[in-house]
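Structure below is data_12.txt: compact mmCIF, C-alpha atoms and all ligand atoms.
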```txt
# COMPACT_ATOMS: atom_id res chain seq x y z
CA MET A 1 20.56 95.45 35.44
CA ARG A 2 19.75 92.15 33.83
CA ASN A 3 23.41 91.71 32.85
CA ASP A 4 24.56 92.37 36.40
CA LYS A 5 22.14 89.81 37.70
CA ALA A 6 23.11 87.29 35.05
CA LEU A 7 26.83 87.75 35.76
CA HIS A 8 26.30 87.42 39.49
CA ILE A 9 24.24 84.29 39.09
CA ALA A 10 26.49 82.83 36.39
CA SER A 11 29.42 82.96 38.79
CA ALA A 12 27.28 81.15 41.35
CA VAL A 13 26.36 78.54 38.75
CA ARG A 14 30.05 77.71 38.36
CA ALA A 15 30.18 76.98 42.08
CA LEU A 16 26.99 74.95 42.22
CA SER A 17 26.19 72.18 39.81
CA GLY A 18 22.62 71.77 38.63
CA GLU A 19 21.00 69.64 36.00
CA ALA A 20 18.44 71.33 33.89
CA SER A 21 16.53 70.71 30.72
CA LEU A 22 14.57 73.09 28.59
CA THR A 23 11.08 72.50 27.29
CA ARG A 24 10.28 76.01 26.01
CA ALA A 25 12.51 79.02 25.79
CA GLY A 26 11.08 82.07 27.47
CA ASP A 27 12.16 85.68 27.50
CA LEU A 28 13.53 85.80 31.01
CA ASP A 29 14.94 89.32 30.69
CA SER A 30 11.64 90.58 32.08
CA ILE A 31 11.87 88.57 35.31
CA LYS A 32 11.81 90.80 38.40
CA ALA A 33 10.73 88.39 41.15
CA LEU A 34 10.78 84.70 41.99
CA CYS A 35 8.14 82.63 43.80
CA PHE A 36 8.67 79.22 45.38
CA ASP A 37 6.46 76.44 46.57
CA PHE A 38 7.51 75.16 50.01
CA GLY A 39 6.88 71.41 50.56
CA ASP A 40 9.07 69.17 48.39
CA THR A 41 10.51 72.20 46.62
CA LEU A 42 12.54 73.71 49.48
CA VAL A 43 12.03 71.07 52.16
CA ASN A 44 11.51 67.33 52.14
CA SER A 45 7.98 66.96 53.47
CA LYS A 46 8.45 63.22 54.15
CA ILE A 47 11.12 64.12 56.70
CA PHE A 48 9.08 66.72 58.51
CA VAL A 49 5.89 64.67 58.48
CA SER A 50 7.67 61.58 59.82
CA ASN A 51 9.43 63.65 62.49
CA GLY A 52 6.03 65.05 63.50
CA ASP A 53 4.52 61.55 63.69
CA LYS A 54 7.48 60.27 65.69
CA LYS A 55 7.15 63.07 68.24
CA ALA A 56 3.38 62.53 68.42
CA ILE A 57 3.85 58.83 69.18
CA GLU A 58 6.53 59.57 71.78
CA GLU A 59 4.15 62.00 73.48
CA ALA A 60 1.26 59.49 73.36
CA MET A 61 3.56 56.88 74.93
CA ARG A 62 4.61 59.31 77.62
CA PHE A 63 1.07 60.42 78.31
CA TYR A 64 -0.34 56.87 78.57
CA HIS A 65 2.79 55.36 80.17
CA LEU A 66 3.37 52.89 77.35
CA ASP A 67 6.56 50.84 77.25
CA GLY A 68 8.52 49.69 74.22
CA SER A 69 10.07 51.41 71.25
CA PRO A 70 8.37 54.32 69.46
CA ALA A 71 9.14 52.55 66.17
CA ARG A 72 6.95 49.60 67.22
CA TYR A 73 4.04 51.88 68.10
CA LEU A 74 4.55 53.88 64.94
CA SER A 75 4.18 50.78 62.81
CA LEU A 76 1.15 49.68 64.83
CA THR A 77 -0.56 53.01 64.43
CA GLU A 78 0.36 53.94 60.87
CA ARG A 79 -2.81 52.41 59.51
CA ALA A 80 -4.87 54.09 62.21
CA TRP A 81 -3.41 57.49 61.32
CA ASP A 82 -4.05 56.85 57.61
CA ASP A 83 -7.60 55.59 58.08
CA ALA A 84 -8.51 58.38 60.46
CA GLY A 85 -7.07 60.97 58.10
CA ARG A 86 -8.95 59.55 55.11
CA GLU A 87 -12.24 59.32 56.99
CA LEU A 88 -11.95 62.86 58.23
CA ASP A 89 -11.03 64.18 54.80
CA GLU A 90 -14.13 62.53 53.36
CA LYS A 91 -16.37 63.60 56.19
CA TYR A 92 -15.34 67.21 56.47
CA CYS A 93 -13.73 68.24 53.19
CA ARG A 94 -15.65 66.53 50.41
CA GLY A 95 -18.22 68.71 48.77
CA LEU A 96 -17.36 71.69 50.90
CA PRO A 97 -16.15 74.92 49.36
CA LEU A 98 -13.42 74.79 51.99
CA THR A 99 -10.32 72.68 51.70
CA LYS A 100 -8.37 70.99 54.44
CA HIS A 101 -5.73 73.68 54.11
CA ASP A 102 -8.02 76.42 55.29
CA SER A 103 -6.89 77.46 58.70
CA GLN A 104 -9.99 77.07 60.80
CA LEU A 105 -10.87 73.70 59.34
CA SER A 106 -7.26 72.57 59.61
CA GLY A 107 -7.25 73.25 63.34
CA GLU A 108 -10.53 71.39 63.76
CA LEU A 109 -9.32 68.54 61.60
CA ALA A 110 -6.08 68.25 63.54
CA THR A 111 -8.01 67.90 66.81
CA ARG A 112 -10.38 65.31 65.36
CA TYR A 113 -7.50 63.51 63.69
CA PHE A 114 -5.63 63.05 66.95
CA ALA A 115 -8.81 62.18 68.85
CA GLU A 116 -9.64 59.48 66.29
CA SER A 117 -6.09 58.16 66.10
CA LEU A 118 -5.64 58.02 69.87
CA THR A 119 -8.99 56.24 70.23
CA ARG A 120 -7.75 53.57 67.84
CA LEU A 121 -4.35 53.37 69.48
CA MET A 122 -5.59 53.16 73.06
CA GLY A 123 -9.02 51.58 72.56
CA GLN A 124 -10.59 54.39 74.57
CA VAL A 125 -11.74 57.95 74.03
CA PRO A 126 -8.77 60.21 74.79
CA SER A 127 -8.95 63.22 77.07
CA GLN A 128 -8.81 66.73 75.62
CA GLU A 129 -5.56 67.15 77.51
CA SER A 130 -3.93 64.17 75.78
CA ILE A 131 -5.17 65.32 72.35
CA ALA A 132 -3.76 68.80 72.86
CA SER A 133 -0.50 67.43 74.17
CA VAL A 134 -0.01 65.02 71.24
CA ALA A 135 -1.03 67.66 68.69
CA GLU A 136 1.49 70.08 70.16
CA ALA A 137 4.25 67.45 70.06
CA GLN A 138 3.48 66.68 66.43
CA LEU A 139 3.57 70.35 65.48
CA LYS A 140 6.86 70.81 67.31
CA GLY A 141 8.26 67.77 65.47
CA ILE A 142 7.28 69.29 62.14
CA MET A 143 8.61 72.71 63.04
CA THR A 144 12.00 71.44 64.17
CA ALA A 145 12.75 68.74 61.58
CA ASP A 146 15.94 69.10 59.57
CA SER A 147 14.14 68.76 56.28
CA LEU A 148 15.98 71.18 54.02
CA PHE A 149 17.23 69.83 50.70
CA PRO A 150 21.02 70.28 50.64
CA GLU A 151 21.36 72.84 47.82
CA VAL A 152 18.51 75.09 48.89
CA LYS A 153 20.11 77.54 51.30
CA GLU A 154 23.06 78.31 49.06
CA THR A 155 20.81 78.74 46.02
CA LEU A 156 18.41 81.06 47.86
CA SER A 157 21.26 83.12 49.24
CA VAL A 158 22.46 83.78 45.67
CA LEU A 159 19.01 84.46 44.22
CA HIS A 160 18.04 86.72 47.10
CA GLU A 161 20.92 89.07 46.16
CA SER A 162 19.30 89.76 42.79
CA TYR A 163 15.55 89.25 43.14
CA PRO A 164 12.79 89.71 45.71
CA LEU A 165 11.66 86.19 46.63
CA GLY A 166 8.26 84.89 47.69
CA ILE A 167 6.71 81.65 48.94
CA ILE A 168 3.32 80.42 47.77
CA SER A 169 2.27 77.39 49.81
CA ASP A 170 -0.84 75.32 50.41
CA ASN A 171 -0.64 74.45 54.04
CA MET A 172 -1.45 75.33 57.62
CA ALA A 173 0.47 78.47 58.52
CA GLU A 174 2.41 76.81 61.35
CA TYR A 175 3.65 74.07 59.03
CA VAL A 176 5.41 76.67 56.90
CA GLU A 177 6.27 79.48 59.29
CA GLY A 178 7.74 77.14 61.93
CA PRO A 179 10.18 75.38 59.58
CA LEU A 180 11.09 78.72 57.92
CA ARG A 181 12.21 80.01 61.31
CA HIS A 182 13.90 76.77 62.39
CA LEU A 183 15.80 76.41 59.11
CA ASP A 184 16.79 80.10 59.07
CA LEU A 185 15.14 80.69 55.68
CA LYS A 186 12.75 83.49 56.60
CA LYS A 187 15.35 86.18 55.92
CA PHE A 188 15.37 85.30 52.20
CA PHE A 189 11.67 85.94 51.59
CA LYS A 190 10.00 89.27 51.15
CA VAL A 191 6.55 87.71 50.88
CA VAL A 192 5.11 84.47 52.32
CA VAL A 193 1.61 83.58 51.09
CA ILE A 194 0.10 80.55 52.83
CA SER A 195 -3.33 79.22 51.93
CA GLY A 196 -4.10 78.56 55.61
CA LYS A 197 -3.95 82.30 56.22
CA GLU A 198 -5.61 83.52 53.05
CA GLY A 199 -9.16 82.30 53.63
CA PRO A 200 -11.53 79.70 52.21
CA GLY A 201 -10.62 78.26 48.81
CA ILE A 202 -7.48 80.34 48.28
CA THR A 203 -5.29 77.36 47.41
CA LYS A 204 -3.21 76.53 44.36
CA PRO A 205 -4.06 76.24 41.49
CA ASN A 206 -6.66 78.96 42.20
CA PRO A 207 -5.29 82.04 40.34
CA GLU A 208 -6.16 84.23 43.34
CA ILE A 209 -3.34 82.91 45.53
CA PHE A 210 -0.79 83.67 42.78
CA ARG A 211 -2.28 87.13 42.18
CA ARG A 212 -2.04 87.97 45.87
CA ALA A 213 1.65 86.99 45.92
CA LEU A 214 2.38 89.01 42.76
CA SER A 215 0.55 92.03 44.11
CA ARG A 216 2.53 91.91 47.38
CA LEU A 217 5.76 91.56 45.41
CA LYS A 218 4.58 94.48 43.24
CA VAL A 219 5.21 92.71 39.93
CA GLN A 220 3.11 91.67 36.95
CA PRO A 221 2.62 87.95 36.16
CA GLY A 222 4.98 88.15 33.16
CA GLU A 223 7.67 89.54 35.46
CA ALA A 224 7.68 86.54 37.80
CA LEU A 225 8.91 82.99 37.82
CA MET A 226 7.15 80.26 39.82
CA VAL A 227 9.32 77.35 41.02
CA GLY A 228 7.59 74.21 42.30
CA ASP A 229 7.41 70.43 42.37
CA ASN A 230 3.69 69.96 41.70
CA THR A 231 2.80 70.11 38.02
CA ARG A 232 -0.86 70.92 38.57
CA ALA A 233 -0.84 73.18 41.63
CA ASP A 234 2.42 75.04 40.97
CA ILE A 235 3.06 74.81 37.25
CA GLU A 236 -0.41 74.88 35.68
CA GLY A 237 -1.64 77.27 38.34
CA ALA A 238 1.15 79.78 37.79
CA ARG A 239 1.12 79.43 34.03
CA ASN A 240 -2.62 80.11 33.95
CA VAL A 241 -2.03 83.53 35.46
CA GLY A 242 0.82 84.25 33.02
CA MET A 243 3.91 83.54 35.14
CA PHE A 244 7.02 81.77 33.89
CA THR A 245 7.42 78.33 35.45
CA VAL A 246 10.20 76.00 36.56
CA TRP A 247 9.29 72.43 37.49
CA VAL A 248 11.62 70.96 40.13
CA ASN A 249 11.69 67.30 39.20
CA ARG A 250 13.86 65.77 41.91
CA ASN A 251 12.75 62.19 41.28
CA ARG A 252 13.18 62.30 37.51
CA GLU A 253 9.49 61.64 36.93
CA LYS A 254 7.90 61.62 33.52
CA LEU A 255 5.93 64.74 32.72
CA THR A 256 2.28 63.70 32.47
CA GLY A 257 -1.02 65.56 32.29
CA THR A 258 -1.48 68.93 30.68
CA ALA A 259 1.19 70.94 32.52
CA LYS A 260 3.77 72.66 30.32
CA PRO A 261 6.61 73.98 32.46
CA ASP A 262 8.92 76.46 30.74
CA TYR A 263 11.89 74.77 32.37
CA ILE A 264 12.59 71.50 34.15
CA VAL A 265 15.39 71.27 36.70
CA GLY A 266 16.72 68.39 38.81
CA ASP A 267 17.08 70.45 41.96
CA LEU A 268 16.84 74.07 43.07
CA SER A 269 20.32 75.02 41.87
CA GLY A 270 19.01 74.51 38.32
CA VAL A 271 17.11 77.80 38.76
CA LEU A 272 20.49 79.56 38.76
CA ASP A 273 21.25 78.00 35.35
CA VAL A 274 17.89 79.16 34.04
CA LEU A 275 18.38 82.75 35.18
CA SER A 276 22.02 83.05 34.16
CA GLY A 277 21.27 81.95 30.61
CA SER A 278 23.69 79.04 30.93
CA PHE A 279 20.84 76.62 30.58
CA HIS A 280 21.42 73.53 28.42
CA ASN A 281 19.12 71.12 26.66
MG MG B 301 5.14 71.04 46.84
```
Mind converting the file's structure to structure tokens?
Amino acid sequence: MRNDKALHIASAVRALSGEASLTRAGDLDSIKALCFDFGDTLVNSKIFVSNGDKKAIEEAMRFYHLDGSPARYLSLTERAWDDAGRELDEKYCRGLPLTKHDSQLSGELATRYFAESLTRLMGQVPSQESIASVAEAQLKGIMTADSLFPEVKETLSVLHESYPLGIISDNMAEYVEGPLRHLDLKKFFKVVVISGKEGPGITKPNPEIFRRALSRLKVQPGEALMVGDNTRADIEGARNVGMFTVWVNRNREKLTGTAKPDYIVGDLSGVLDVLSGSFHN
């Protein structure tokens, strides 16, 4: 079985080029399932966040009949969004057992975030109607952004032929499920585990979120590979439960901290090299 998989993937590797480097050889013959982080592993979160902000500003301009270019308002309000976000994080998340990714708090935070930002933008307390309208526009902007990294779909389509695939993401459910639908990626994943749906505190690197994904994929930790861009949340988190790990290092950053990924790849196609055994130092 392993040989069939390796041959299938090796032929895909010839078609896709990926850079990869090895930090520790692992026995990958036991791999039966693959798990992926979402933001900045499969999609460029800068693109979907900025598309969400752009749509939010456009809606605020429409709602309050503001003239001028959205870009001008975006630059005027960037600091307001940042300050409001930071204040709300400190006020509502610090010291709480909850995190901002927990669904109920996320919804509340989003409402307060837009209320605060619109107050700063307009110099007046916004109506509930305007808050809801801007929040909806932002969500739609996030859900419909073309944020996929170029090699991702082809790589997933190859991997999905040989392995059950899962997503493990820290986020609000809509921020993952919406883009998965829009980008036509949902069909590749057997399991999607999102912290916003899992309940208080179930966020990476908490072992529980990895265990839930493994249990739903019906594999043991040593039979699964976690692929992600965040060395603490994805790599340390997965390694602590006994999974193999691949760090997707798109920006060629130096490895710092205590994380020890089994493999380091330059983009997602490097995972094909890892699994085909054609991985080079
Ligand atoms: Mg990420």
At a cut-off of 8 Å, using all atoms listed in the file, what residues contact A:Ala80? Leave out same-chain residues fewer than 5 positions from it and give the result as a ChimeraX atom specification.
/A:117,120-121
One number please: atom CA of A:His65 to atom CA of A:Ile47, in Å, one decimal.
26.4 Å
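Those protein and nucleic acid residues that have any atom within 9 Å of ligand MG 301 (chain B) are, using only C-alpha atoms and all ligand atoms, Asp37, Phe38, Gly39, Asp40, Thr41, Leu42, Val43, Ser45, Ser169, Asp170, Gly228, Asp229, Asn230, Ala233 and Asp234 of chain A.
The coordinates place atom CA of A:Ile167 at 10.8 Å from atom CA of A:Leu185.
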Residue with smallest distance to A:Leu255 - pool A:Met172, A:Val125, A:Ile235, A:Ala71, counting all atoms listed in the file
A:Ile235
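Computed from the coordinates, the atom CA of A:Asp273 to atom CA of A:Val192 distance equals 24.3 Å.
For the set A:Met61, A:Leu74, A:Ala56, A:Leu66, the residue with the smallest atom-to-atom gap to A:Val134 is A:Ala56, counting all atoms listed in the file.
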Excluding A:Ala224 and any residue of its chain fewer than 2 positions from it, enumerate the residues within 10 Å of it, using all atoms listed in the file, and give them as an NGL selection string.
:A and (28 or 30-35 or 163-165 or 214 or 217 or 219-222 or 226-227 or 238 or 242-245)
Counting only C-alpha atoms, find the residues whose atoms lie at most 10 Å from (-5.1, 51.3, 63.4) (file coordinates) and write them out as a PDB file with C-alpha atoms, in the coordinates of the input.
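Ended up saving to result04.pdb:
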```
ATOM      1  CA  SER A  75       4.180  50.780  62.810  1.00  0.00           C
ATOM      2  CA  LEU A  76       1.150  49.680  64.830  1.00  0.00           C
ATOM      3  CA  THR A  77      -0.560  53.010  64.430  1.00  0.00           C
ATOM      4  CA  GLU A  78       0.360  53.940  60.870  1.00  0.00           C
ATOM      5  CA  ARG A  79      -2.810  52.410  59.510  1.00  0.00           C
ATOM      6  CA  ALA A  80      -4.870  54.090  62.210  1.00  0.00           C
ATOM      7  CA  TRP A  81      -3.410  57.490  61.320  1.00  0.00           C
ATOM      8  CA  ASP A  82      -4.050  56.850  57.610  1.00  0.00           C
ATOM      9  CA  ASP A  83      -7.600  55.590  58.080  1.00  0.00           C
ATOM     10  CA  ALA A  84      -8.510  58.380  60.460  1.00  0.00           C
ATOM     11  CA  GLU A 116      -9.640  59.480  66.290  1.00  0.00           C
ATOM     12  CA  SER A 117      -6.090  58.160  66.100  1.00  0.00           C
ATOM     13  CA  LEU A 118      -5.640  58.020  69.870  1.00  0.00           C
ATOM     14  CA  THR A 119      -8.990  56.240  70.230  1.00  0.00           C
ATOM     15  CA  ARG A 120      -7.750  53.570  67.840  1.00  0.00           C
ATOM     16  CA  LEU A 121      -4.350  53.370  69.480  1.00  0.00           C
ATOM     17  CA  MET A 122      -5.590  53.160  73.060  1.00  0.00           C
ATOM     18  CA  GLY A 123      -9.020  51.580  72.560  1.00  0.00           C
TER      19      GLY A 123
END
```
Hey, could you patch up stretch 231-245 of chain A with N, CA and C atoms and hand it over as a PDB file, in the coordinates of the input?
```pdb
ATOM      1  N   THR A 231       3.079  69.622  39.383  1.00  0.00           N
ATOM      2  CA  THR A 231       2.800  70.110  38.020  1.00  0.00           C
ATOM      3  C   THR A 231       1.431  70.765  37.900  1.00  0.00           C
ATOM      4  N   ARG A 232       0.472  70.303  38.674  1.00  0.00           N
ATOM      5  CA  ARG A 232      -0.860  70.920  38.570  1.00  0.00           C
ATOM      6  C   ARG A 232      -0.947  72.192  39.422  1.00  0.00           C
ATOM      7  N   ALA A 233      -0.669  72.046  40.721  1.00  0.00           N
ATOM      8  CA  ALA A 233      -0.840  73.180  41.630  1.00  0.00           C
ATOM      9  C   ALA A 233       0.133  74.318  41.293  1.00  0.00           C
ATOM     10  N   ASP A 234       1.407  73.986  41.149  1.00  0.00           N
ATOM     11  CA  ASP A 234       2.420  75.040  40.970  1.00  0.00           C
ATOM     12  C   ASP A 234       2.567  75.467  39.509  1.00  0.00           C
ATOM     13  N   ILE A 235       2.701  74.483  38.628  1.00  0.00           N
ATOM     14  CA  ILE A 235       3.060  74.810  37.250  1.00  0.00           C
ATOM     15  C   ILE A 235       1.838  75.269  36.441  1.00  0.00           C
ATOM     16  N   GLU A 236       0.794  74.457  36.420  1.00  0.00           N
ATOM     17  CA  GLU A 236      -0.410  74.880  35.680  1.00  0.00           C
ATOM     18  C   GLU A 236      -1.011  76.124  36.310  1.00  0.00           C
ATOM     19  N   GLY A 237      -1.056  76.129  37.636  1.00  0.00           N
ATOM     20  CA  GLY A 237      -1.640  77.270  38.340  1.00  0.00           C
ATOM     21  C   GLY A 237      -0.942  78.569  37.994  1.00  0.00           C
ATOM     22  N   ALA A 238       0.390  78.556  38.055  1.00  0.00           N
ATOM     23  CA  ALA A 238       1.150  79.780  37.790  1.00  0.00           C
ATOM     24  C   ALA A 238       1.087  80.162  36.306  1.00  0.00           C
ATOM     25  N   ARG A 239       1.143  79.164  35.467  1.00  0.00           N
ATOM     26  CA  ARG A 239       1.120  79.430  34.030  1.00  0.00           C
ATOM     27  C   ARG A 239      -0.227  80.042  33.619  1.00  0.00           C
ATOM     28  N   ASN A 240      -1.290  79.579  34.282  1.00  0.00           N
ATOM     29  CA  ASN A 240      -2.620  80.110  33.950  1.00  0.00           C
ATOM     30  C   ASN A 240      -2.783  81.587  34.282  1.00  0.00           C
ATOM     31  N   VAL A 241      -1.957  82.080  35.208  1.00  0.00           N
ATOM     32  CA  VAL A 241      -2.030  83.530  35.460  1.00  0.00           C
ATOM     33  C   VAL A 241      -0.975  84.285  34.661  1.00  0.00           C
ATOM     34  N   GLY A 242      -0.139  83.578  33.905  1.00  0.00           N
ATOM     35  CA  GLY A 242       0.820  84.250  33.020  1.00  0.00           C
ATOM     36  C   GLY A 242       2.250  84.320  33.559  1.00  0.00           C
ATOM     37  N   MET A 243       2.540  83.550  34.613  1.00  0.00           N
ATOM     38  CA  MET A 243       3.910  83.540  35.140  1.00  0.00           C
ATOM     39  C   MET A 243       4.777  82.561  34.344  1.00  0.00           C
ATOM     40  N   PHE A 244       6.085  82.785  34.371  1.00  0.00           N
ATOM     41  CA  PHE A 244       7.020  81.770  33.890  1.00  0.00           C
ATOM     42  C   PHE A 244       7.075  80.658  34.941  1.00  0.00           C
ATOM     43  N   THR A 245       7.431  79.446  34.493  1.00  0.00           N
ATOM     44  CA  THR A 245       7.420  78.330  35.450  1.00  0.00           C
ATOM     45  C   THR A 245       8.664  77.452  35.336  1.00  0.00           C
TER      46      THR A 245
END
```
